[in-house]
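Structure file structure.cif (mmCIF, C-alpha atoms) is printed below.
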```
data_final
loop_
_atom_site.label_atom_id
_atom_site.label_comp_id
_atom_site.auth_asym_id
_atom_site.auth_seq_id
_atom_site.Cartn_x
_atom_site.Cartn_y
_atom_site.Cartn_z
CA MET A 1 -55.04 9.73 -15.49
CA ALA A 2 -54.46 6.88 -17.90
CA GLN A 3 -52.81 3.58 -17.13
CA ASN A 4 -50.56 1.99 -19.71
CA LEU A 5 -48.93 -1.42 -19.81
CA HIS A 6 -45.34 -1.24 -21.04
CA LEU A 7 -43.05 -4.22 -21.69
CA GLU A 8 -39.31 -3.76 -21.72
CA GLN A 9 -36.71 -6.42 -22.46
CA SER A 10 -33.31 -6.11 -20.82
CA GLN A 11 -30.32 -8.27 -19.95
CA ARG A 12 -28.92 -8.43 -16.43
CA LEU A 13 -26.07 -10.41 -14.97
CA ALA A 14 -27.14 -12.06 -11.73
CA LEU A 15 -24.38 -13.66 -9.67
CA SER A 16 -25.19 -16.66 -7.52
CA PRO A 17 -24.10 -16.70 -3.85
CA GLN A 18 -21.35 -19.16 -4.82
CA GLN A 19 -20.06 -16.85 -7.55
CA ILE A 20 -20.05 -13.89 -5.17
CA ARG A 21 -18.15 -15.93 -2.63
CA PHE A 22 -15.61 -16.98 -5.26
CA VAL A 23 -15.13 -13.38 -6.42
CA LYS A 24 -14.41 -12.30 -2.85
CA LEU A 25 -11.84 -15.06 -2.43
CA LEU A 26 -10.22 -14.13 -5.73
CA GLU A 27 -9.89 -10.48 -4.75
CA MET A 28 -8.08 -11.34 -1.50
CA ASN A 29 -4.31 -11.10 -1.25
CA ALA A 30 -2.17 -13.66 0.59
CA PRO A 31 -2.65 -12.47 4.21
CA GLU A 32 -6.36 -11.77 3.64
CA LEU A 33 -6.83 -15.31 2.30
CA GLU A 34 -5.12 -16.85 5.31
CA GLU A 35 -7.35 -14.80 7.60
CA ALA A 36 -10.46 -15.92 5.66
CA VAL A 37 -9.46 -19.59 5.94
CA ASN A 38 -8.81 -19.29 9.68
CA LYS A 39 -12.17 -17.55 10.12
CA GLU A 40 -13.93 -20.34 8.20
CA LEU A 41 -12.24 -22.95 10.39
CA GLU A 42 -13.50 -21.15 13.50
CA GLU A 43 -17.07 -20.66 12.28
CA ASN A 44 -17.77 -23.95 10.48
CA VAL A 45 -17.63 -26.95 12.80
CA ALA A 46 -17.70 -29.34 9.82
CA LEU A 47 -14.36 -28.02 8.55
CA GLU A 48 -10.98 -28.95 10.01
CA GLU A 49 -7.29 -28.96 9.23
CA LYS A 50 -5.93 -32.16 7.78
CA ASP A 51 -3.13 -33.77 9.71
CA THR A 52 -0.34 -34.18 7.20
CA PRO A 53 2.50 -36.63 7.98
CA ALA A 54 5.93 -35.03 7.96
CA GLU A 55 7.19 -37.29 5.16
CA ILE A 56 4.32 -36.21 2.88
CA ALA A 57 4.23 -32.49 3.67
CA PRO A 58 7.22 -31.46 1.49
CA ILE A 59 5.63 -32.79 -1.70
CA LEU A 60 2.32 -30.98 -1.22
CA PRO A 61 1.70 -27.93 -3.40
CA TYR A 62 3.17 -24.88 -1.66
CA TYR A 63 -0.17 -23.14 -1.37
CA ARG A 64 -1.67 -26.10 0.51
CA ARG A 65 1.15 -26.61 2.96
CA ALA A 66 0.96 -25.04 6.40
CA LEU A 67 3.99 -23.07 7.58
CA SER A 68 6.20 -25.26 9.76
CA ASP A 69 7.82 -24.05 12.97
CA ASP A 70 11.28 -23.78 11.46
CA GLU A 71 10.14 -22.18 8.20
CA PRO A 72 10.60 -18.40 8.17
CA SER A 73 7.33 -16.49 8.07
CA THR A 74 6.85 -13.53 5.74
CA PHE A 75 4.25 -12.02 8.06
CA THR A 76 5.11 -9.17 10.39
CA PRO A 77 3.97 -9.25 14.02
CA ALA A 78 1.05 -7.14 15.12
CA ASP A 79 1.89 -3.55 15.90
CA THR A 80 2.00 -3.24 19.68
CA GLU A 81 3.82 0.09 19.81
CA GLU A 82 2.46 3.03 21.77
CA SER A 83 0.44 5.44 19.64
CA ILE A 84 1.24 9.14 19.34
CA TYR A 85 -1.80 9.98 21.47
CA ASP A 86 -0.95 7.49 24.24
CA ASN A 87 2.61 8.80 24.31
CA LEU A 88 1.61 12.45 24.57
CA LEU A 89 -1.10 11.83 27.14
CA ARG A 90 1.44 9.93 29.24
CA GLN A 91 3.85 12.86 29.03
CA LEU A 92 1.02 15.23 29.88
CA SER A 93 0.13 13.27 33.02
CA GLU A 94 3.66 13.88 34.32
CA ARG A 95 3.17 17.65 34.24
CA SER A 96 1.71 19.76 37.06
CA LEU A 97 -1.27 21.37 35.32
CA THR A 98 -4.50 22.96 36.37
CA PRO A 99 -7.68 21.05 35.47
CA LYS A 100 -8.45 23.63 32.74
CA GLN A 101 -4.96 23.39 31.24
CA GLU A 102 -5.08 19.60 31.19
CA GLU A 103 -8.56 19.60 29.65
CA LEU A 104 -7.53 21.95 26.84
CA ALA A 105 -4.21 20.18 26.27
CA ARG A 106 -5.90 16.78 26.00
CA TYR A 107 -8.39 18.20 23.49
CA ILE A 108 -5.60 19.69 21.36
CA ILE A 109 -3.73 16.37 21.41
CA GLY A 110 -6.88 14.72 20.10
CA ASN A 111 -6.79 17.08 17.12
CA LEU A 112 -3.23 16.18 16.08
CA ASP A 113 -2.81 14.06 12.97
CA SER A 114 -0.44 11.09 12.86
CA ASN A 115 2.46 13.36 11.86
CA GLY A 116 1.95 15.68 14.82
CA TYR A 117 0.34 18.56 12.89
CA LEU A 118 -2.80 20.53 13.77
CA VAL A 119 -5.28 20.76 10.91
CA LEU A 120 -7.86 23.05 12.54
CA PRO A 121 -7.04 26.60 13.75
CA LEU A 122 -7.33 27.28 17.47
CA SER A 123 -10.53 29.30 16.99
CA ALA A 124 -12.25 26.34 15.29
CA MET A 125 -11.11 23.97 18.06
CA LEU A 126 -12.50 26.34 20.69
CA ASP A 127 -15.85 26.45 18.85
CA ASP A 128 -15.97 22.65 18.66
CA LEU A 129 -15.04 22.38 22.33
CA MET A 130 -17.88 24.66 23.32
CA PHE A 131 -20.56 23.12 21.08
CA ASN A 132 -19.58 19.47 21.54
CA GLU A 133 -18.32 19.44 25.13
CA GLY A 134 -19.96 22.57 26.57
CA ILE A 135 -16.57 23.87 27.70
CA GLU A 136 -15.72 27.55 27.25
CA ALA A 137 -12.15 28.80 26.98
CA THR A 138 -10.44 31.95 25.78
CA GLU A 139 -7.94 32.11 22.95
CA GLU A 140 -5.21 33.01 25.45
CA GLU A 141 -5.96 29.84 27.43
CA ALA A 142 -5.87 27.80 24.23
CA LYS A 143 -2.50 29.31 23.24
CA GLU A 144 -1.15 28.47 26.70
CA ALA A 145 -2.29 24.86 26.31
CA LEU A 146 -0.78 24.72 22.83
CA GLY A 147 2.52 25.93 24.30
CA ILE A 148 2.39 23.00 26.73
CA ILE A 149 1.88 20.57 23.82
CA ARG A 150 4.80 22.11 21.96
CA SER A 151 7.03 21.60 24.99
CA LEU A 152 6.52 17.84 24.86
CA ASP A 153 8.89 15.46 23.11
CA PRO A 154 9.78 15.36 20.30
CA PRO A 155 10.12 19.06 19.43
CA GLY A 156 8.00 20.28 16.52
CA LEU A 157 4.63 18.91 17.66
CA GLY A 158 1.51 21.06 17.43
CA ALA A 159 2.59 23.03 14.36
CA PHE A 160 0.18 24.15 11.67
CA THR A 161 2.70 24.13 8.79
CA LEU A 162 5.99 22.53 7.80
CA GLN A 163 7.74 25.87 8.22
CA GLU A 164 6.44 26.14 11.77
CA THR A 165 7.46 22.62 12.82
CA LEU A 166 11.00 23.17 11.51
CA ILE A 167 11.24 26.47 13.39
CA LEU A 168 9.98 24.84 16.60
CA GLN A 169 12.65 22.15 16.32
CA LEU A 170 15.40 24.71 15.81
CA GLU A 171 14.19 26.84 18.71
CA ALA A 172 14.45 23.80 20.98
CA MET A 173 18.17 23.51 20.16
CA PRO A 174 20.98 25.30 22.02
CA GLU A 175 21.97 28.61 20.44
CA SER A 176 24.79 28.56 17.91
CA PRO A 177 25.69 30.59 14.80
CA THR A 178 24.53 27.75 12.51
CA ARG A 179 21.26 27.33 14.39
CA ASN A 180 20.61 31.08 14.28
CA ASN A 181 21.35 31.23 10.54
CA ALA A 182 18.99 28.30 9.96
CA LEU A 183 16.25 30.15 11.85
CA ARG A 184 16.82 33.24 9.72
CA ILE A 185 16.52 31.18 6.55
CA LEU A 186 13.20 29.67 7.67
CA LYS A 187 11.76 32.95 8.98
CA GLU A 188 13.10 35.48 6.48
CA GLY A 189 13.97 33.45 3.39
CA TYR A 190 11.51 30.54 3.42
CA GLU A 191 10.32 31.13 -0.15
CA ALA A 192 13.87 31.12 -1.48
CA PHE A 193 14.55 28.02 0.62
CA THR A 194 11.59 26.11 -0.87
CA MET A 195 12.61 27.21 -4.38
CA LYS A 196 16.20 26.11 -3.63
CA HIS A 197 17.54 29.52 -4.68
CA LYS A 198 20.80 29.51 -2.73
CA HIS A 199 22.00 32.74 -4.31
CA ARG A 200 18.95 34.60 -2.96
CA LEU A 201 19.67 33.33 0.56
CA ILE A 202 23.29 34.50 0.30
CA SER A 203 22.43 37.98 -0.99
CA GLY A 204 19.18 38.52 0.90
CA LEU A 205 20.42 37.42 4.33
CA HIS A 206 24.02 38.61 3.83
CA LEU A 207 25.48 35.21 4.60
CA THR A 208 28.53 33.50 3.11
CA PRO A 209 28.07 30.40 0.93
CA ALA A 210 29.67 28.29 3.69
CA GLU A 211 27.26 29.66 6.31
CA VAL A 212 24.27 28.89 4.07
CA ASP A 213 25.51 25.36 3.39
CA GLU A 214 25.95 24.65 7.12
CA ALA A 215 22.51 26.06 7.93
CA LEU A 216 20.88 24.05 5.14
CA ASP A 217 22.55 20.86 6.37
CA LEU A 218 21.09 21.51 9.82
CA ILE A 219 17.60 22.10 8.38
CA ARG A 220 17.80 18.89 6.36
CA SER A 221 18.58 16.98 9.56
CA LEU A 222 15.23 18.03 11.08
CA ASN A 223 12.18 15.77 11.09
CA PRO A 224 9.30 17.04 8.90
CA ARG A 225 6.98 14.47 10.55
CA PRO A 226 7.76 14.65 14.29
CA GLY A 227 4.58 12.84 15.32
CA ALA A 228 5.33 9.81 13.16
CA SER A 229 8.42 9.02 15.24
CA LEU A 230 6.20 8.42 18.28
CA SER A 231 4.29 5.64 16.55
CA GLY A 232 7.34 4.16 14.85
CA ASP A 233 6.17 5.13 11.36
CA SER A 234 8.75 7.73 10.39
CA ASP A 235 10.87 5.43 8.27
CA ARG A 236 8.82 2.28 8.15
CA ALA A 237 6.83 1.36 5.09
CA THR A 238 3.84 -0.89 5.26
CA ALA A 239 4.99 -4.48 4.86
CA ILE A 240 3.83 -6.07 1.60
CA ILE A 241 3.28 -9.81 1.60
CA PRO A 242 3.89 -11.31 -1.86
CA ASP A 243 1.20 -13.55 -3.34
CA PHE A 244 3.64 -15.42 -5.61
CA ILE A 245 7.28 -16.39 -5.34
CA LEU A 246 9.48 -16.71 -8.43
CA ASN A 247 12.51 -18.99 -8.38
CA ASN A 248 15.18 -19.21 -11.06
CA GLU A 249 17.41 -22.27 -10.89
CA ASP A 250 19.89 -22.30 -13.75
CA GLY A 251 17.42 -20.72 -16.15
CA GLU A 252 14.50 -22.88 -15.02
CA LEU A 253 11.72 -20.61 -13.79
CA SER A 254 9.14 -21.82 -11.28
CA ILE A 255 6.21 -20.12 -9.58
CA SER A 256 4.59 -20.92 -6.23
CA LEU A 257 1.71 -19.35 -4.36
CA ASN A 258 2.70 -17.76 -1.08
CA SER A 259 -0.52 -18.60 0.79
CA HIS A 260 0.42 -20.33 4.03
CA ILE A 261 -2.90 -22.05 4.56
CA PRO A 262 -3.43 -25.57 5.89
CA GLU A 263 -4.92 -28.43 3.91
CA LEU A 264 -8.60 -28.69 4.73
CA GLN A 265 -10.95 -31.63 5.11
CA ILE A 266 -14.47 -32.42 6.30
CA ASP A 267 -14.76 -33.51 9.91
CA SER A 268 -15.20 -37.32 10.01
CA SER A 269 -18.24 -37.13 12.29
CA PHE A 270 -20.05 -34.93 9.77
CA GLU A 271 -19.06 -37.26 6.92
CA GLN A 272 -20.52 -40.22 8.83
CA ALA A 273 -23.69 -38.32 9.81
CA VAL A 274 -24.40 -37.41 6.18
CA LYS A 275 -23.88 -41.04 5.11
CA ASN A 276 -26.31 -42.18 7.77
CA MET A 277 -28.91 -39.68 6.54
CA GLU A 278 -28.48 -40.90 2.98
CA ARG A 279 -29.13 -44.49 4.12
CA SER A 280 -32.25 -43.68 6.08
CA ALA A 281 -34.81 -41.19 4.80
CA SER A 282 -36.88 -41.78 7.97
CA GLY A 283 -34.03 -40.58 10.12
CA ARG A 284 -34.30 -37.20 8.51
CA LEU A 285 -37.85 -36.90 9.82
CA LYS A 286 -37.02 -37.88 13.39
CA ASN A 287 -34.67 -34.98 14.00
CA SER A 288 -35.01 -32.59 11.07
CA THR A 289 -33.53 -29.61 12.95
CA GLN A 290 -30.31 -31.46 13.78
CA ASN A 291 -30.04 -32.89 10.27
CA GLU A 292 -30.54 -29.45 8.76
CA TYR A 293 -27.69 -28.12 10.93
CA ILE A 294 -25.42 -30.98 9.85
CA LEU A 295 -26.23 -30.63 6.15
CA ARG A 296 -25.86 -26.85 6.16
CA ASN A 297 -22.36 -26.97 7.68
CA TYR A 298 -21.34 -29.98 5.60
CA ASN A 299 -22.38 -28.40 2.31
CA ASP A 300 -20.89 -25.05 3.26
CA ALA A 301 -17.56 -26.69 4.09
CA ARG A 302 -17.51 -28.61 0.79
CA GLU A 303 -18.36 -25.45 -1.13
CA PHE A 304 -15.63 -23.45 0.60
CA MET A 305 -13.00 -26.10 -0.12
CA ALA A 306 -14.05 -26.28 -3.77
CA LEU A 307 -14.01 -22.49 -4.20
CA LEU A 308 -10.64 -22.25 -2.45
CA THR A 309 -9.15 -24.86 -4.78
CA ARG A 310 -10.65 -23.07 -7.77
CA ARG A 311 -9.27 -19.74 -6.58
CA GLN A 312 -5.74 -21.14 -6.22
CA ARG A 313 -5.94 -22.77 -9.65
CA VAL A 314 -7.04 -19.53 -11.29
CA MET A 315 -4.26 -17.59 -9.57
CA MET A 316 -1.66 -20.06 -10.78
CA ASP A 317 -3.08 -20.09 -14.33
CA VAL A 318 -2.92 -16.28 -14.52
CA MET A 319 0.61 -16.06 -13.10
CA THR A 320 1.80 -18.89 -15.38
CA ALA A 321 0.46 -17.00 -18.39
CA ILE A 322 2.26 -13.82 -17.30
CA LEU A 323 5.45 -15.84 -16.83
CA LYS A 324 5.11 -17.29 -20.32
CA ILE A 325 4.56 -13.92 -21.98
CA GLN A 326 7.28 -12.10 -20.03
CA LYS A 327 9.73 -15.00 -19.78
CA GLU A 328 12.55 -13.06 -21.41
CA TYR A 329 12.26 -10.34 -18.78
CA PHE A 330 12.25 -12.83 -15.89
CA LEU A 331 15.38 -14.47 -17.29
CA THR A 332 17.29 -11.23 -17.90
CA GLN A 333 15.78 -8.80 -15.33
CA ASP A 334 16.01 -6.23 -18.12
CA VAL A 335 12.99 -3.91 -18.14
CA TYR A 336 13.55 -3.31 -21.86
CA LYS A 337 12.67 -6.97 -22.42
CA LEU A 338 9.12 -6.48 -21.12
CA LYS A 339 6.68 -7.17 -23.93
CA PRO A 340 3.44 -5.27 -24.48
CA MET A 341 0.84 -7.22 -22.50
CA ILE A 342 -2.79 -6.50 -21.71
CA ILE A 343 -5.50 -8.53 -19.99
CA LYS A 344 -6.66 -9.80 -23.37
CA ASN A 345 -3.29 -11.54 -23.92
CA VAL A 346 -3.61 -13.39 -20.60
CA ALA A 347 -7.21 -14.28 -21.38
CA GLU A 348 -6.17 -15.86 -24.69
CA LEU A 349 -3.74 -18.16 -22.88
CA THR A 350 -5.95 -19.05 -19.92
CA GLY A 351 -9.45 -18.94 -21.37
CA LEU A 352 -10.52 -16.90 -18.34
CA ASP A 353 -12.88 -13.93 -18.37
CA PHE A 354 -11.36 -10.43 -18.36
CA SER A 355 -12.97 -9.60 -15.00
CA VAL A 356 -11.54 -12.74 -13.41
CA ILE A 357 -8.02 -11.86 -14.57
CA SER A 358 -8.45 -8.29 -13.39
CA ARG A 359 -9.45 -9.45 -9.90
CA ALA A 360 -6.69 -12.06 -9.80
CA THR A 361 -4.01 -9.44 -10.52
CA ASN A 362 -5.32 -6.37 -8.72
CA GLY A 363 -3.44 -5.74 -5.48
CA LYS A 364 -1.31 -8.87 -5.87
CA TYR A 365 2.51 -8.97 -5.72
CA LEU A 366 5.28 -11.19 -7.04
CA SER A 367 8.51 -11.76 -5.12
CA THR A 368 11.56 -12.23 -7.37
CA PRO A 369 15.24 -12.66 -6.48
CA TRP A 370 15.78 -9.00 -7.50
CA GLY A 371 12.75 -7.35 -5.92
CA LEU A 372 9.03 -7.20 -5.17
CA PHE A 373 6.65 -6.17 -7.99
CA PRO A 374 2.90 -5.64 -8.29
CA LEU A 375 1.47 -7.90 -10.99
CA ARG A 376 0.19 -4.82 -12.81
CA PHE A 377 3.85 -3.85 -13.37
CA PHE A 378 4.09 -6.55 -16.05
CA PHE A 379 1.13 -5.15 -18.00
CA SER A 380 1.97 -2.44 -20.53
CA ASP A 381 0.55 -1.03 -23.72
CA THR A 382 2.31 -0.54 -27.03
CA ILE A 383 3.18 3.10 -27.71
CA GLY A 384 3.24 4.18 -31.33
CA GLU A 385 4.06 2.01 -34.31
CA ALA A 386 7.07 -0.26 -34.12
CA GLU A 387 9.44 -0.13 -37.08
CA GLU A 388 10.04 -3.33 -38.98
CA GLY A 389 12.65 -5.46 -37.27
CA THR A 390 12.49 -3.55 -33.98
CA ALA A 391 10.84 -4.42 -30.70
CA PRO A 392 7.60 -2.56 -29.93
CA LEU A 393 7.84 0.43 -27.61
CA THR A 394 6.10 0.04 -24.24
CA ASN A 395 5.35 2.49 -21.46
CA ARG A 396 7.76 0.58 -19.19
CA LYS A 397 10.62 1.36 -21.58
CA ILE A 398 9.63 5.02 -21.61
CA GLU A 399 9.56 5.11 -17.80
CA GLU A 400 12.95 3.42 -17.54
CA GLU A 401 14.57 5.81 -20.02
CA ILE A 402 13.19 8.81 -18.12
CA ARG A 403 14.34 7.37 -14.80
CA VAL A 404 17.88 6.81 -16.13
CA LEU A 405 18.05 10.33 -17.58
CA ILE A 406 17.03 11.85 -14.24
CA GLU A 407 19.48 9.68 -12.31
CA GLN A 408 22.33 10.85 -14.55
CA GLU A 409 21.37 14.56 -14.65
CA ASP A 410 23.36 17.37 -13.06
CA LYS A 411 21.47 17.90 -9.79
CA LYS A 412 22.45 21.56 -9.71
CA HIS A 413 20.81 21.98 -13.12
CA PRO A 414 18.14 19.25 -13.31
CA LEU A 415 16.39 18.51 -16.59
CA SER A 416 12.97 20.07 -17.11
CA ASP A 417 10.20 18.07 -18.78
CA GLN A 418 10.95 19.93 -22.02
CA HIS A 419 14.63 19.00 -21.85
CA LEU A 420 13.72 15.40 -20.97
CA MET A 421 11.48 15.29 -24.04
CA GLU A 422 14.30 16.62 -26.24
CA GLU A 423 16.68 13.99 -24.84
CA MET A 424 14.11 11.24 -25.48
CA VAL A 425 13.52 12.46 -29.04
CA GLY A 426 17.28 12.44 -29.55
CA ARG A 427 17.30 8.78 -28.53
CA GLY A 428 14.64 7.95 -31.08
CA TYR A 429 11.50 8.14 -28.94
CA ASP A 430 8.73 10.19 -30.53
CA ILE A 431 6.90 11.44 -27.43
CA SER A 432 5.53 14.78 -26.24
CA ARG A 433 6.44 16.85 -23.19
CA ARG A 434 3.04 15.99 -21.73
CA THR A 435 3.83 12.27 -22.03
CA VAL A 436 7.15 12.82 -20.27
CA ALA A 437 5.39 14.63 -17.42
CA LYS A 438 2.84 11.81 -17.09
CA TYR A 439 5.46 9.07 -16.79
CA ARG A 440 7.66 11.18 -14.49
CA ASP A 441 4.66 11.58 -12.16
CA ARG A 442 4.00 7.84 -12.37
CA LEU A 443 7.57 7.24 -11.17
CA ASN A 444 6.92 9.61 -8.22
CA ILE A 445 9.73 11.86 -9.38
CA PRO A 446 9.20 15.58 -8.59
CA VAL A 447 9.56 18.39 -11.11
CA ALA A 448 13.01 19.81 -11.89
CA ARG A 449 12.61 22.72 -9.46
CA LEU A 450 12.17 20.35 -6.52
CA ARG A 451 15.03 18.07 -7.65
CA LYS A 452 17.50 20.92 -7.64
CA GLU A 453 20.31 20.66 -5.09
CA MET A 454 21.87 23.80 -3.70
#
```

Write out the structure in this file as structure tokens.
Amino acid sequence: MAQNLHLEQSQRLALSPQQIRFVKLLEMNAPELEEAVNKELEENVALEEKDTPAEIAPILPYYRRALSDDEPSTFTPADTEESIYDNLLRQLSERSLTPKQEELARYIIGNLDSNGYLVLPLSAMLDDLMFNEGIEATEEEAKEALGIIRSLDPPGLGAFTLQETLILQLEAMPESPTRNNALRILKEGYEAFTMKHKHRLISGLHLTPAEVDEALDLIRSLNPRPGASLSGDSDRATAIIPDFILNNEDGELSISLNSHIPELQIDSSFEQAVKNMERSASGRLKNSTQNEYILRNYNDAREFMALLTRRQRVMMDVMTAILKIQKEYFLTQDVYKLKPMIIKNVAELTGLDFSVISRATNGKYLSTPWGLFPLRFFFSDTIGEAEEGTAPLTNRKIEEEIRVLIEQEDKKHPLSDQHLMEEMVGRGYDISRRTVAKYRDRLNIPVARLRKEM
């Protein structure tokens, strides 16, 4: 075996602890930043909130002013609602069950997802129960326990498929001709129902158009996510806290950071202790452990304040650059006025690194008088070559045109991607069917078959 000495030259980017800390602060959104500041105040005894007189507070920058008692908060309270599992276990405790039935029912409840569906088949749950808990049960016993779960409120829990949960909800209703027709549609004509082929339901089930319409209205009234209603999530979207607020007063645009964090300062006792140490080098030797503790917290507090100020300045610089580039859009609210803008354009105005801008915009939102937008909404590429004297074509304009076409389409005969492409070409947009499909997906608009109304 021979030994060789090999030299290799390479370049590596090593971030200092301060840079890493700054990057983490920059990546935080508004509520995360407030949480980080509160955590720092709790952990660092050298850091404290600055008492700001009432007459001075209004003129402080918005991002440095703490939220007053009478100022409306954009934060939502913590979720204290009962979970789906707590709710079902409470209902289960009110039933007269044998120990085996209760044991199996509780295990099945634990396998429900947040929408009330079962992901694993009963056989797999029985295997897991035996191997993990050492409990043996027959399939008949498991089916009996599942029946108990399905008898709990709301109806539709414990289903394996959407079809099954809709059927369970209908079966829990009192009998009526409409309810019976709806059951027939789900059991005998489910494929035609999903394809929205009303004519197949009429001919295949020998129902009148009016009977099919009434049954379909009943099915549409059912809850496809019965479990979500127990945790209050059926119609509630996750609250988004904006990072910036845009105001427009008579054409004058202004931006403010929406970080409700207090103004920070160094505790006076730590300031005085550090001054005393600077005056007397011998004092540092008398109690080096205590002085080390003081200096560590003092320097950490100063560093945090400096990085926080830098973070807020960078955020404002980036948002100000976006406002400058897209000013026409912010004044008109017209999506067609959005200019092609990439990170490079913002970097040219701010002098910031691409990665810094990317972190400052990722996951951040702007609140405007007409809606809430992610900052990435204002970034768009140029598509194709713009003709002389015309504005460049951006992907936002393409998306808006497609959205308008779909909004105005005949819902009984929705436009396919091919027809959308032909309409776009007719309007002067040279794009392919594949491009249309891509932007339709980006708008979360389903294909024509699923947009069809019967």

The PyMOL selection byres ((chain A and resi 433) around 7) resolved against shown file, as an MDAnalysis selection string:
chainID A and resid 417:418 421 431:432 434:437

Please, what distance in Å, to one decimal, runs between atom CA of Met341 of chain A and atom CA of Leu307 of chain A?
28.1 Å

So, counting all atoms listed in the file, which residue among A:Glu49, A:Val23, A:Gln18, A:Ala306 is closest to Arg359 of chain A?
A:Val23

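When the distance limit is 12 Å and all atoms listed in the file are what count, the residues near segment 120-130 of chain A, minus those fewer than 4 positions from it on the same chain, are A:Glu103, A:Leu104, A:Ala105, A:Arg106, A:Tyr107, A:Ile108, A:Ile109, A:Gly110, A:Asn111, A:Leu112, A:Asp113, A:Gly134, A:Ile135, A:Glu136, A:Ala137, A:Thr138, A:Glu139, A:Glu140, A:Glu141, A:Ala142, A:Lys143, A:Glu144, A:Ala145, A:Leu146, A:Gly158, A:Ala159, A:Phe160, A:Thr161.
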
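The space between atom CA of Ser367 of chain A and atom CA of Asp243 of chain A spans 7.7 Å.
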
Using the chain letters and numbers from the file, which residues does the PyMOL selection byres ((chain A and resi 405-415) around 7) grab, as a PyMOL selection string?
chain A and resi 401-404+416-417+419-420+448+451-454

Could you tell me which of A:Ser259, A:Thr289, A:Ser16, A:Asn223 comes closest to Leu308 of chain A if we count all atoms listed in the file?
A:Ser259

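Between Leu47 of chain A and the residues A:Gln265, A:Ser355, A:Ser221, A:Ser256, the shortest atom-to-atom distance, using all atoms listed in the file, involves A:Gln265.
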
Selection result for the PyMOL selection byres ((chain A and resi 166) around 12) on this file, as a PyMOL selection string:
chain A and resi 117+154-165+167-173+179+182-187+190+216+218-226

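The closest residue to Pro369 of chain A, picked from A:Glu328, A:Glu263, A:Glu249, A:Asp300 and counting all atoms listed in the file, is A:Glu249.
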
Return as lines of an AutoDock Vina configuration file the centre and edge lengths, in Å with one decimal, of the box along x, y and z that encloses every atom of segment 287-302 of chain A in the file, padded by 3 Å per side.
```
center_x = -26.3
center_y = -30.0
center_z = 7.4
size_x = 23.5
size_y = 15.9
size_z = 19.2
```

State, in Å with one decimal place, the distance from atom CA of Ile84 of chain A to atom CA of Phe131 of chain A.
26.0 Å

Of the candidates A:Asn29, A:Asn44, A:Asn180, A:Ser229, which one gets nearest to Asn299 of chain A if we count all atoms listed in the file?
A:Asn44

Write out as a VMD selection string the residues lying within 12 Å of Ala347 of chain A, counting all atoms listed in the file and excluding same-chain residues fewer than 5 positions away.
chain A and resid 314 317 to 322 325 341 to 342 352 to 358 360
